[in-house]
Each structure stands twice: as structure tokens, then as C-alpha cells.
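Next comes protein19.pdb, a file with PDB, C-alpha atoms, pLDDT in the B column.
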MODEL        1
ATOM      1  CA  MET A  24    -166.327-114.126 -12.417  1.00 46.00           C
ATOM      2  CA  GLU A  25    -165.223-110.969 -10.632  1.00 60.00           C
ATOM      3  CA  GLN A  26    -167.805-108.312  -9.900  1.00 72.00           C
ATOM      4  CA  ALA A  27    -167.726-105.576 -12.546  1.00 92.00           C
ATOM      5  CA  LYS A  28    -165.848-102.497 -11.401  1.00 97.00           C
ATOM      6  CA  THR A  29    -166.386 -98.745 -11.295  1.00 98.00           C
ATOM      7  CA  ALA A  30    -163.656 -96.566 -12.798  1.00 98.00           C
ATOM      8  CA  ILE A  31    -163.138 -92.843 -12.269  1.00 98.00           C
ATOM      9  CA  ILE A  32    -161.509 -90.838 -15.063  1.00 98.00           C
ATOM     10  CA  LEU A  33    -160.257 -87.267 -14.809  1.00 98.00           C
ATOM     11  CA  GLY A  34    -159.350 -85.762 -18.171  1.00 96.00           C
ATOM     12  CA  ALA A  35    -161.567 -87.976 -20.337  1.00 97.00           C
ATOM     13  CA  THR A  36    -161.925 -85.240 -22.983  1.00 95.00           C
ATOM     14  CA  GLY A  37    -158.160 -85.118 -23.494  1.00 94.00           C
ATOM     15  CA  LEU A  38    -156.089 -87.118 -25.941  1.00 94.00           C
ATOM     16  CA  THR A  39    -155.062 -90.054 -23.736  1.00 96.00           C
ATOM     17  CA  GLY A  40    -158.104 -89.875 -21.459  1.00 97.00           C
ATOM     18  CA  GLY A  41    -160.481 -90.136 -24.410  1.00 97.00           C
ATOM     19  CA  ILE A  42    -158.715 -93.209 -25.738  1.00 97.00           C
ATOM     20  CA  LEU A  43    -158.761 -94.766 -22.265  1.00 98.00           C
ATOM     21  CA  LEU A  44    -162.500 -94.092 -21.970  1.00 98.00           C
ATOM     22  CA  ASP A  45    -163.103 -95.896 -25.284  1.00 98.00           C
ATOM     23  CA  LYS A  46    -161.166 -98.908 -24.027  1.00 97.00           C
ATOM     24  CA  LEU A  47    -162.980 -99.083 -20.685  1.00 98.00           C
ATOM     25  CA  ILE A  48    -166.364 -98.833 -22.405  1.00 98.00           C
ATOM     26  CA  ARG A  49    -165.484-101.989 -24.352  1.00 97.00           C
ATOM     27  CA  ASP A  50    -164.025-103.759 -21.318  1.00 96.00           C
ATOM     28  CA  ASP A  51    -166.523-106.091 -19.605  1.00 96.00           C
ATOM     29  CA  ARG A  52    -164.631-105.764 -16.324  1.00 96.00           C
ATOM     30  CA  TYR A  53    -166.182-102.304 -15.930  1.00 98.00           C
ATOM     31  CA  ARG A  54    -169.859-101.690 -15.337  1.00 97.00           C
ATOM     32  CA  LYS A  55    -169.629 -97.952 -14.628  1.00 98.00           C
ATOM     33  CA  ILE A  56    -167.239 -95.175 -15.626  1.00 98.00           C
ATOM     34  CA  LYS A  57    -167.496 -91.933 -13.660  1.00 98.00           C
ATOM     35  CA  VAL A  58    -166.182 -88.970 -15.620  1.00 98.00           C
ATOM     36  CA  PHE A  59    -165.401 -85.693 -13.859  1.00 97.00           C
ATOM     37  CA  GLY A  60    -164.692 -82.608 -15.990  1.00 95.00           C
ATOM     38  CA  ARG A  61    -165.855 -79.296 -17.416  1.00 92.00           C
ATOM     39  CA  ASN A  62    -167.121 -80.603 -20.770  1.00 94.00           C
ATOM     40  CA  HIS A  63    -169.226 -83.474 -22.034  1.00 96.00           C
ATOM     41  CA  VAL A  64    -167.355 -86.428 -23.505  1.00 96.00           C
ATOM     42  CA  SER A  65    -168.167 -87.326 -27.109  1.00 95.00           C
ATOM     43  CA  GLN A  66    -168.663 -91.023 -26.364  1.00 96.00           C
ATOM     44  CA  LYS A  67    -172.109 -92.445 -25.701  1.00 95.00           C
ATOM     45  CA  SER A  68    -172.494 -95.424 -23.400  1.00 97.00           C
ATOM     46  CA  GLU A  69    -174.791 -96.597 -20.622  1.00 97.00           C
ATOM     47  CA  LYS A  70    -171.633 -97.145 -18.564  1.00 97.00           C
ATOM     48  CA  ILE A  71    -170.767 -93.440 -18.490  1.00 98.00           C
ATOM     49  CA  GLU A  72    -171.830 -91.330 -15.520  1.00 97.00           C
ATOM     50  CA  GLU A  73    -170.815 -87.708 -16.113  1.00 97.00           C
ATOM     51  CA  TYR A  74    -170.243 -84.988 -13.528  1.00 97.00           C
ATOM     52  CA  LEU A  75    -169.737 -81.576 -15.109  1.00 96.00           C
ATOM     53  CA  ILE A  76    -167.725 -79.563 -12.614  1.00 94.00           C
ATOM     54  CA  ASP A  77    -164.858 -77.148 -12.209  1.00 94.00           C
ATOM     55  CA  LEU A  78    -162.072 -79.579 -11.334  1.00 96.00           C
ATOM     56  CA  PHE A  79    -160.531 -76.950  -9.058  1.00 96.00           C
ATOM     57  CA  GLU A  80    -163.545 -77.652  -6.823  1.00 95.00           C
ATOM     58  CA  LEU A  81    -163.270 -81.443  -7.004  1.00 96.00           C
ATOM     59  CA  GLU A  82    -163.031 -81.765  -3.222  1.00 95.00           C
ATOM     60  CA  LYS A  83    -166.665 -80.666  -2.903  1.00 95.00           C
ATOM     61  CA  LEU A  84    -167.743 -83.885  -4.623  1.00 94.00           C
ATOM     62  CA  GLN A  85    -166.130 -86.275  -2.171  1.00 96.00           C
ATOM     63  CA  GLU A  86    -169.360 -88.235  -1.677  1.00 96.00           C
ATOM     64  CA  LEU A  87    -169.511 -88.955  -5.435  1.00 97.00           C
ATOM     65  CA  PHE A  88    -165.826 -89.790  -5.792  1.00 98.00           C
ATOM     66  CA  ILE A  89    -166.375 -93.469  -5.110  1.00 98.00           C
ATOM     67  CA  GLY A  90    -165.124 -96.335  -7.229  1.00 98.00           C
ATOM     68  CA  ASP A  91    -162.532 -99.067  -7.581  1.00 98.00           C
ATOM     69  CA  GLU A  92    -159.857 -97.229  -9.573  1.00 98.00           C
ATOM     70  CA  VAL A  93    -158.877 -93.665 -10.420  1.00 98.00           C
ATOM     71  CA  PHE A  94    -157.294 -92.806 -13.767  1.00 98.00           C
ATOM     72  CA  CYS A  95    -155.951 -89.246 -13.648  1.00 98.00           C
ATOM     73  CA  CYS A  96    -155.195 -88.059 -17.183  1.00 97.00           C
ATOM     74  CA  ILE A  97    -155.186 -84.347 -16.353  1.00 95.00           C
ATOM     75  CA  GLY A  98    -152.424 -82.199 -17.779  1.00 88.00           C
ATOM     76  CA  THR A  99    -151.635 -79.044 -19.703  1.00 88.00           C
ATOM     77  CA  THR A 100    -148.626 -77.526 -21.462  1.00 84.00           C
ATOM     78  CA  LYS A 101    -146.567 -74.356 -21.287  1.00 84.00           C
ATOM     79  CA  SER A 102    -147.977 -73.170 -24.612  1.00 84.00           C
ATOM     80  CA  LYS A 103    -151.577 -73.839 -23.652  1.00 88.00           C
ATOM     81  CA  THR A 104    -151.244 -72.490 -20.103  1.00 91.00           C
ATOM     82  CA  PRO A 105    -148.447 -69.880 -19.963  1.00 92.00           C
ATOM     83  CA  ASP A 106    -149.594 -68.592 -16.561  1.00 94.00           C
ATOM     84  CA  LYS A 107    -147.424 -70.524 -14.122  1.00 95.00           C
ATOM     85  CA  GLU A 108    -149.839 -70.304 -11.195  1.00 96.00           C
ATOM     86  CA  LEU A 109    -152.707 -71.658 -13.302  1.00 96.00           C
ATOM     87  CA  TYR A 110    -150.397 -74.361 -14.671  1.00 95.00           C
ATOM     88  CA  ARG A 111    -149.574 -75.405 -11.118  1.00 96.00           C
ATOM     89  CA  GLN A 112    -153.249 -75.487 -10.122  1.00 96.00           C
ATOM     90  CA  ILE A 113    -153.927 -77.880 -12.999  1.00 96.00           C
ATOM     91  CA  ASP A 114    -150.883 -80.138 -13.036  1.00 96.00           C
ATOM     92  CA  PHE A 115    -150.309 -80.240  -9.280  1.00 97.00           C
ATOM     93  CA  GLY A 116    -153.556 -79.246  -7.627  1.00 97.00           C
ATOM     94  CA  ILE A 117    -156.043 -81.489  -9.400  1.00 98.00           C
ATOM     95  CA  PRO A 118    -154.086 -84.786  -9.194  1.00 98.00           C
ATOM     96  CA  ALA A 119    -153.092 -84.075  -5.564  1.00 98.00           C
ATOM     97  CA  THR A 120    -156.731 -83.453  -4.609  1.00 98.00           C
ATOM     98  CA  ALA A 121    -157.889 -86.548  -6.481  1.00 98.00           C
ATOM     99  CA  ALA A 122    -155.352 -88.676  -4.596  1.00 98.00           C
ATOM    100  CA  LYS A 123    -156.568 -87.287  -1.261  1.00 98.00           C
ATOM    101  CA  LEU A 124    -160.181 -88.123  -2.135  1.00 98.00           C
ATOM    102  CA  ALA A 125    -159.195 -91.615  -3.280  1.00 98.00           C
ATOM    103  CA  LYS A 126    -157.436 -92.217   0.023  1.00 98.00           C
ATOM    104  CA  ARG A 127    -160.344 -90.898   2.092  1.00 98.00           C
ATOM    105  CA  ASN A 128    -162.834 -93.044   0.197  1.00 98.00           C
ATOM    106  CA  GLY A 129    -160.779 -96.225   0.371  1.00 98.00           C
ATOM    107  CA  ILE A 130    -159.996 -96.492  -3.341  1.00 98.00           C
ATOM    108  CA  SER A 131    -157.057 -98.876  -3.576  1.00 97.00           C
ATOM    109  CA  THR A 132    -155.808 -98.118  -7.100  1.00 98.00           C
ATOM    110  CA  PHE A 133    -154.701 -94.688  -8.284  1.00 98.00           C
ATOM    111  CA  MET A 134    -152.743 -93.883 -11.415  1.00 98.00           C
ATOM    112  CA  VAL A 135    -151.694 -90.562 -12.861  1.00 98.00           C
ATOM    113  CA  ILE A 136    -149.915 -89.397 -15.991  1.00 98.00           C
ATOM    114  CA  SER A 137    -146.843 -87.361 -15.129  1.00 97.00           C
ATOM    115  CA  ALA A 138    -143.840 -86.801 -17.414  1.00 95.00           C
ATOM    116  CA  LEU A 139    -140.356 -88.097 -18.005  1.00 93.00           C
ATOM    117  CA  GLY A 140    -137.941 -85.788 -16.198  1.00 92.00           C
ATOM    118  CA  ALA A 141    -140.310 -84.948 -13.343  1.00 96.00           C
ATOM    119  CA  ASP A 142    -138.197 -83.906 -10.370  1.00 96.00           C
ATOM    120  CA  GLU A 143    -139.239 -81.852  -7.362  1.00 96.00           C
ATOM    121  CA  ASP A 144    -135.659 -80.564  -7.065  1.00 96.00           C
ATOM    122  CA  SER A 145    -135.432 -79.475 -10.702  1.00 97.00           C
ATOM    123  CA  ASN A 146    -134.593 -75.894 -11.639  1.00 96.00           C
ATOM    124  CA  ILE A 147    -137.025 -76.220 -14.533  1.00 95.00           C
ATOM    125  CA  PHE A 148    -140.443 -75.054 -13.322  1.00 96.00           C
ATOM    126  CA  TYR A 149    -142.489 -77.577 -15.311  1.00 94.00           C
ATOM    127  CA  ASN A 150    -140.382 -80.567 -14.276  1.00 95.00           C
ATOM    128  CA  LYS A 151    -140.463 -79.347 -10.692  1.00 97.00           C
ATOM    129  CA  VAL A 152    -144.272 -79.094 -10.642  1.00 97.00           C
ATOM    130  CA  LYS A 153    -144.609 -82.620 -12.002  1.00 97.00           C
ATOM    131  CA  GLY A 154    -142.148 -83.878  -9.388  1.00 97.00           C
ATOM    132  CA  GLU A 155    -144.024 -82.164  -6.578  1.00 98.00           C
ATOM    133  CA  MET A 156    -147.266 -83.639  -7.857  1.00 98.00           C
ATOM    134  CA  GLU A 157    -145.750 -87.117  -7.792  1.00 98.00           C
ATOM    135  CA  GLY A 158    -144.628 -86.568  -4.209  1.00 98.00           C
ATOM    136  CA  ALA A 159    -148.094 -85.419  -3.143  1.00 98.00           C
ATOM    137  CA  VAL A 160    -149.685 -88.494  -4.736  1.00 98.00           C
ATOM    138  CA  LEU A 161    -147.199 -90.926  -3.184  1.00 97.00           C
ATOM    139  CA  GLU A 162    -147.686 -89.237   0.195  1.00 97.00           C
ATOM    140  CA  GLN A 163    -151.218 -90.642   0.319  1.00 98.00           C
ATOM    141  CA  LYS A 164    -149.819 -94.190   0.395  1.00 97.00           C
ATOM    142  CA  ILE A 165    -152.623 -95.628  -1.706  1.00 98.00           C
ATOM    143  CA  THR A 166    -152.031 -99.387  -1.998  1.00 97.00           C
ATOM    144  CA  ASN A 167    -151.647 -99.507  -5.766  1.00 97.00           C
ATOM    145  CA  THR A 168    -150.163 -96.209  -6.909  1.00 98.00           C
ATOM    146  CA  TYR A 169    -148.829 -95.947 -10.450  1.00 98.00           C
ATOM    147  CA  ILE A 170    -147.153 -92.806 -11.773  1.00 98.00           C
ATOM    148  CA  LEU A 171    -146.673 -93.013 -15.507  1.00 98.00           C
ATOM    149  CA  GLN A 172    -143.800 -90.929 -16.892  1.00 97.00           C
ATOM    150  CA  PRO A 173    -144.201 -90.804 -20.679  1.00 95.00           C
ATOM    151  CA  SER A 174    -141.789 -89.003 -22.971  1.00 92.00           C
ATOM    152  CA  LEU A 175    -143.215 -86.793 -25.740  1.00 87.00           C
ATOM    153  CA  ILE A 176    -146.733 -88.002 -26.543  1.00 87.00           C
ATOM    154  CA  ALA A 177    -147.235 -88.376 -30.297  1.00 82.00           C
ATOM    155  CA  GLY A 178    -150.880 -87.973 -31.241  1.00 64.00           C
ATOM    156  CA  ASN A 179    -153.431 -85.770 -32.999  1.00 57.00           C
ATOM    157  CA  ARG A 180    -154.649 -83.138 -30.561  1.00 49.00           C
ATOM    158  CA  ALA A 181    -157.724 -80.974 -30.948  1.00 49.00           C
ATOM    159  CA  GLU A 182    -155.759 -77.783 -30.342  1.00 49.00           C
ATOM    160  CA  ASN A 183    -152.973 -76.635 -32.627  1.00 51.00           C
ATOM    161  CA  ARG A 184    -149.491 -77.042 -31.171  1.00 53.00           C
ATOM    162  CA  LEU A 185    -147.269 -76.208 -34.128  1.00 54.00           C
ATOM    163  CA  MET A 186    -143.831 -76.547 -32.524  1.00 52.00           C
ATOM    164  CA  GLU A 187    -144.837 -79.728 -30.702  1.00 53.00           C
ATOM    165  CA  SER A 188    -146.132 -81.189 -33.971  1.00 56.00           C
ATOM    166  CA  ILE A 189    -142.836 -80.391 -35.719  1.00 52.00           C
ATOM    167  CA  PHE A 190    -140.862 -82.003 -32.904  1.00 49.00           C
ATOM    168  CA  ILE A 191    -143.049 -85.112 -32.939  1.00 50.00           C
ATOM    169  CA  ASN A 192    -142.444 -85.544 -36.668  1.00 54.00           C
ATOM    170  CA  LEU A 193    -138.706 -85.178 -36.129  1.00 52.00           C
ATOM    171  CA  MET A 194    -138.855 -87.767 -33.358  1.00 51.00           C
ATOM    172  CA  LYS A 195    -140.443 -90.283 -35.717  1.00 54.00           C
ATOM    173  CA  PHE A 196    -137.177 -90.310 -37.633  1.00 50.00           C
ATOM    174  CA  GLY A 197    -134.966 -90.125 -34.550  1.00 56.00           C
ATOM    175  CA  ASN A 198    -136.617 -92.786 -32.400  1.00 55.00           C
ATOM    176  CA  HIS A 199    -134.600 -95.630 -33.916  1.00 53.00           C
ATOM    177  CA  LEU A 200    -131.390 -93.864 -32.899  1.00 49.00           C
ATOM    178  CA  LEU A 201    -132.374 -94.001 -29.228  1.00 53.00           C
ATOM    179  CA  ILE A 202    -131.217 -97.397 -28.029  1.00 56.00           C
ATOM    180  CA  GLY A 203    -130.194 -99.008 -24.753  1.00 55.00           C
ATOM    181  CA  GLY A 204    -130.686 -96.643 -21.840  1.00 57.00           C
ATOM    182  CA  LEU A 205    -131.940 -93.941 -24.211  1.00 53.00           C
ATOM    183  CA  LYS A 206    -135.005 -95.941 -25.306  1.00 61.00           C
ATOM    184  CA  LYS A 207    -137.107 -94.241 -22.639  1.00 62.00           C
ATOM    185  CA  TYR A 208    -136.752 -90.961 -24.561  1.00 53.00           C
ATOM    186  CA  ARG A 209    -138.493 -92.282 -27.663  1.00 72.00           C
ATOM    187  CA  SER A 210    -141.839 -90.624 -28.351  1.00 81.00           C
ATOM    188  CA  ILE A 211    -144.852 -92.609 -27.228  1.00 91.00           C
ATOM    189  CA  LYS A 212    -148.389 -92.984 -28.556  1.00 93.00           C
ATOM    190  CA  PRO A 213    -151.375 -92.084 -26.361  1.00 95.00           C
ATOM    191  CA  GLU A 214    -152.823 -95.521 -27.137  1.00 96.00           C
ATOM    192  CA  GLU A 215    -149.794 -97.091 -25.495  1.00 96.00           C
ATOM    193  CA  ILE A 216    -150.306 -95.053 -22.334  1.00 97.00           C
ATOM    194  CA  ALA A 217    -154.007 -95.952 -22.215  1.00 97.00           C
ATOM    195  CA  ASN A 218    -153.213 -99.640 -22.750  1.00 97.00           C
ATOM    196  CA  ALA A 219    -150.660 -99.579 -19.946  1.00 97.00           C
ATOM    197  CA  MET A 220    -153.110 -97.909 -17.559  1.00 97.00           C
ATOM    198  CA  ARG A 221    -155.740-100.541 -18.240  1.00 97.00           C
ATOM    199  CA  TYR A 222    -153.159-103.287 -17.761  1.00 97.00           C
ATOM    200  CA  LEU A 223    -151.986-101.834 -14.429  1.00 97.00           C
ATOM    201  CA  ALA A 224    -155.563-101.615 -13.178  1.00 96.00           C
ATOM    202  CA  ASN A 225    -156.141-105.305 -13.764  1.00 95.00           C
ATOM    203  CA  HIS A 226    -152.822-106.993 -12.982  1.00 95.00           C
ATOM    204  CA  GLN A 227    -150.338-107.157 -10.153  1.00 91.00           C
ATOM    205  CA  TYR A 228    -147.459-104.749 -10.669  1.00 94.00           C
ATOM    206  CA  LYS A 229    -145.025-103.005  -8.362  1.00 93.00           C
ATOM    207  CA  SER A 230    -146.312 -99.582  -7.326  1.00 91.00           C
ATOM    208  CA  GLY A 231    -144.277 -96.496  -8.105  1.00 94.00           C
ATOM    209  CA  ARG A 232    -142.919 -94.553 -11.056  1.00 96.00           C
ATOM    210  CA  ILE A 233    -143.014 -96.149 -14.503  1.00 96.00           C
ATOM    211  CA  GLU A 234    -140.847 -94.610 -17.226  1.00 95.00           C
ATOM    212  CA  SER A 235    -141.771 -94.369 -20.888  1.00 95.00           C
ATOM    213  CA  ASP A 236    -140.033 -97.507 -22.164  1.00 93.00           C
ATOM    214  CA  LYS A 237    -141.680 -99.577 -19.417  1.00 95.00           C
ATOM    215  CA  ILE A 238    -145.056 -98.054 -20.340  1.00 96.00           C
ATOM    216  CA  LYS A 239    -144.569 -99.388 -23.871  1.00 93.00           C
ATOM    217  CA  THR A 240    -143.720-102.840 -22.501  1.00 93.00           C
ATOM    218  CA  LEU A 241    -146.894-102.853 -20.402  1.00 96.00           C
ATOM    219  CA  SER A 242    -148.908-101.713 -23.413  1.00 94.00           C
ATOM    220  CA  ASN A 243    -147.662-104.709 -25.369  1.00 90.00           C
ATOM    221  CA  SER A 244    -148.734-106.954 -22.477  1.00 86.00           C
ATOM    222  CA  SER A 245    -152.294-105.652 -22.429  1.00 71.00           C
ATOM    223  CA  GLU A 246    -155.039-107.835 -23.786  1.00 63.00           C
TER     224      GLU A 246
ENDMDL
END
Any chance you could give the structure as C-alpha cells?
Amino acid sequence: MEQAKTAIILGATGLTGGILLDKLIRDDRYRKIKVFGRNHVSQKSEKIEEYLIDLFELEKLQELFIGDEVFCCIGTTKSKTPDKELYRQIDFGIPATAAKLAKRNGISTFMVISALGADEDSNIFYNKVKGEMEGAVLEQKITNTYILQPSLIAGNRAENRLMESIFINLMKFGNHLLIGGLKKYRSIKPEEIANAMRYLANHQYKSGRIESDKIKTLSNSSE
């Protein structure tokens, strides 16, 4: 039997990160889960090792950023973070720093949630930031690097996002119209993203960008 692993999660109090944490707690392949963030997680488990920090200062904790895999579930939205500089610090700065620390500490598996449409050459600020983040992560050349590009994430969030909620409900009716090459634009559940991340951490898969429809396929493959 393989030695039980140590996972690192950034964003464990978020929608997808919280679901992922639940799954790793129940997964016997993991003996320890290091959680870095500003707030306590709601889950209780002997596996959890919490570090309450300002994630903008993550680099100061290099000596504690040691494990087998990094799951970066950090992200914000335009409505939640209208200040573009702060948005960039969150969606670019934190994942880029985490990838640097993973590389320095010899962590061979790094995965991060990005977004469908991420493009460093985009004229849309938010797509551009995501694209630049992906480039910074890939620049580290970590052996197993997985960049998940989900479409609209359909789930119940703690904060109220009225327009997003309306759009998600509309997508429930429109998803079946998106076929063939358009399937990647169907909304996706946070559980599916978490399942795919756990699958990628424990199976051989080609490193690189993984679009939303492929994330769903991986989720269906997870045990």
C-alpha cells in the first residue's frame, strides 16, 4: 500500500475548495491536509492542519508549504472584488506564489482552478488575468501541472450573487442545447470540479489545461 499523502489546499472555505476538503478527509490516501487561509474551515478532522494567514503573505510560510500535492481553489469575481488591482492580487498573485513555493519545495503535483476563456492576450481584463496566471503557473514547470478551466460554476454560495444565480438557472434549461464543440460551455457543478481534482492527483494524466467538458469526464471517472 502506498504511503498516505499530505495535501495542501488554498481556498478551502470556498465553494469548490470546501467540497474538495470533504472528499480528501474521507480519502484514505491522505493522512494530512494542510489548509492555508484567513478563516477557519467548518470541517472537523484529525487530518486537518490549519494555518490562518493573509494569503498575500504566503511566501513567508515557505518552510510550512510542504506536501505531496497542491490544490489551489482560490478565486474571486468582478462583483465581489470590483477593485481591479485587488482582483489581480487574488486571482494572479496567490496562485503564482503558490506555484513558486511548490517548485522550490519539490512538490510534484500542482493544480489550480482557472476559467474557460482565460487568455493572456485577451482584451477582457478578467480573462487576461486568468491567462497570465496560467502562464505564471506553467512557467514553474512542475512535473504534474493541471489547470482546470471550468465554465460557469453552478452551486449554492454563501454570498449573494443575484445576477449569477439568475444566469445559472437559465443555463440549467440551456445546457442541453449546447452540443458537440459547445459542450464545454455547459455550466458545471463544484462537485464535478472537486472530483476531477482528486482524480488528477491520483492518476496519470497529461499535464496542461483541461476545459470544462473534460473536467466533467474526469469527474465521472473518479472513484
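Residues matched by the PyMOL selection byres ((chain A and resi 118) around 9) in this file are Leu33, Cys95, Cys96, Ile97, Ile113, Asp114, Phe115, Gly116, Ile117, Ala119, Thr120, Ala121, Ala122, Lys123, Val135, Met156, Glu157, Ala159 and Val160 of chain A.
For the pair CA of Glu86 in chain A and CA of Gln172 in chain A, the separation is 29.9 Å.
Relative to CA of Gln227 in chain A, CA of Glu92 in chain A is found at 13.8 Å.
The environment of Phe59 in chain A within 7 Å, counting all atoms listed in the file and disregarding residues fewer than 5 places along the same chain, consists of A:Ile32, A:Leu33, A:Glu73, A:Tyr74, A:Leu75, A:Ile76.
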Skipping near chain neighbours, those fewer than 4 positions away, what residues fall within 12 Å of Ala30 in chain A using all atoms listed in the file, listed as a ChimeraX atom specification? /A:35,43-44,46-48,50,52-59,70-73,88-95,125,130-134,220-221,224-225
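Shortest atom-to-atom contact with Lys239 in chain A among A:Ile211, A:Tyr110, A:His226, A:Ser145: A:Ile211, counting all atoms listed in the file.
The two atoms in question, CA of Leu139 in chain A and CA of Lys229 in chain A, are spaced 18.4 Å apart.
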If you count all atoms listed in the file, which residues fall within 10 Å of Asp45 in chain A, apart from same-chain ones fewer than 5 positions away, as a JSON list (two decimals) with C-alpha atoms, keeping the file's coordinate frame?
[["chain", "number", "residue", "atom", "x", "y", "z"],
["A", 35, "ALA", "CA", -161.57, -87.98, -20.34],
["A", 40, "GLY", "CA", -158.10, -89.88, -21.46],
["A", 50, "ASP", "CA", -164.02, -103.76, -21.32],
["A", 66, "GLN", "CA", -168.66, -91.02, -26.36],
["A", 67, "LYS", "CA", -172.11, -92.44, -25.70],
["A", 68, "SER", "CA", -172.49, -95.42, -23.40],
["A", 217, "ALA", "CA", -154.01, -95.95, -22.22]]
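When all atoms listed in the file are used to compute distances to Leu78 in chain A, the closest of the residues A:Gly34, A:Gly129, A:Gly231, A:Gly41 turns out to be A:Gly34.
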Output check: residues returned by the PyMOL selection byres ((chain A and resi 62) around 8), as a ChimeraX atom specification: /A:36,60-61,63-64,75
I'd like to see the residues matched by the PyMOL selection byres ((chain A and resi 243) around 12) on this file, and ideally I'd get them as an MDAnalysis selection string. chainID A and resid 214:222 236:242 244:246
Generate a file of the selected residues that holds C-alpha atoms, formatted as a compact mmCIF listing (two decimals), keeping the file's coordinate frame.
# COMPACT_ATOMS: atom_id res chain seq x y z
CA GLU A 214 -152.82 -95.52 -27.14
CA GLU A 215 -149.79 -97.09 -25.50
CA ILE A 216 -150.31 -95.05 -22.33
CA ALA A 217 -154.01 -95.95 -22.22
CA ASN A 218 -153.21 -99.64 -22.75
CA ALA A 219 -150.66 -99.58 -19.95
CA MET A 220 -153.11 -97.91 -17.56
CA ARG A 221 -155.74 -100.54 -18.24
CA TYR A 222 -153.16 -103.29 -17.76
CA ASP A 236 -140.03 -97.51 -22.16
CA LYS A 237 -141.68 -99.58 -19.42
CA ILE A 238 -145.06 -98.05 -20.34
CA LYS A 239 -144.57 -99.39 -23.87
CA THR A 240 -143.72 -102.84 -22.50
CA LEU A 241 -146.89 -102.85 -20.40
CA SER A 242 -148.91 -101.71 -23.41
CA SER A 244 -148.73 -106.95 -22.48
CA SER A 245 -152.29 -105.65 -22.43
CA GLU A 246 -155.04 -107.84 -23.79
Tell me, as a PyMOL selection string, which residues lie within 9 Å of Pro173 in chain A, counting only C-alpha atoms; anything in the same chain fewer than 2 positions away does not count. chain A and resi 136-139+171+175-176+207-208+210-211+216+233-236+238
Export, as a compact mmCIF listing (two decimals), in the frame of the given file, the selected residues with C-alpha atoms.
# COMPACT_ATOMS: atom_id res chain seq x y z
CA ILE A 136 -149.92 -89.40 -15.99
CA SER A 137 -146.84 -87.36 -15.13
CA ALA A 138 -143.84 -86.80 -17.41
CA LEU A 139 -140.36 -88.10 -18.00
CA LEU A 171 -146.67 -93.01 -15.51
CA LEU A 175 -143.22 -86.79 -25.74
CA ILE A 176 -146.73 -88.00 -26.54
CA LYS A 207 -137.11 -94.24 -22.64
CA TYR A 208 -136.75 -90.96 -24.56
CA SER A 210 -141.84 -90.62 -28.35
CA ILE A 211 -144.85 -92.61 -27.23
CA ILE A 216 -150.31 -95.05 -22.33
CA ILE A 233 -143.01 -96.15 -14.50
CA GLU A 234 -140.85 -94.61 -17.23
CA SER A 235 -141.77 -94.37 -20.89
CA ASP A 236 -140.03 -97.51 -22.16
CA ILE A 238 -145.06 -98.05 -20.34
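Closest approach to Leu109 in chain A among A:Leu84, A:Thr166, A:Phe79, A:Leu124 is made by A:Phe79 (distances from all atoms listed in the file).
For the residues A:Asn128, A:Gln112, A:Asn146, A:Thr104, ranking by smallest atom-to-atom distance to Leu87 in chain A using all atoms listed in the file places A:Asn128 first.
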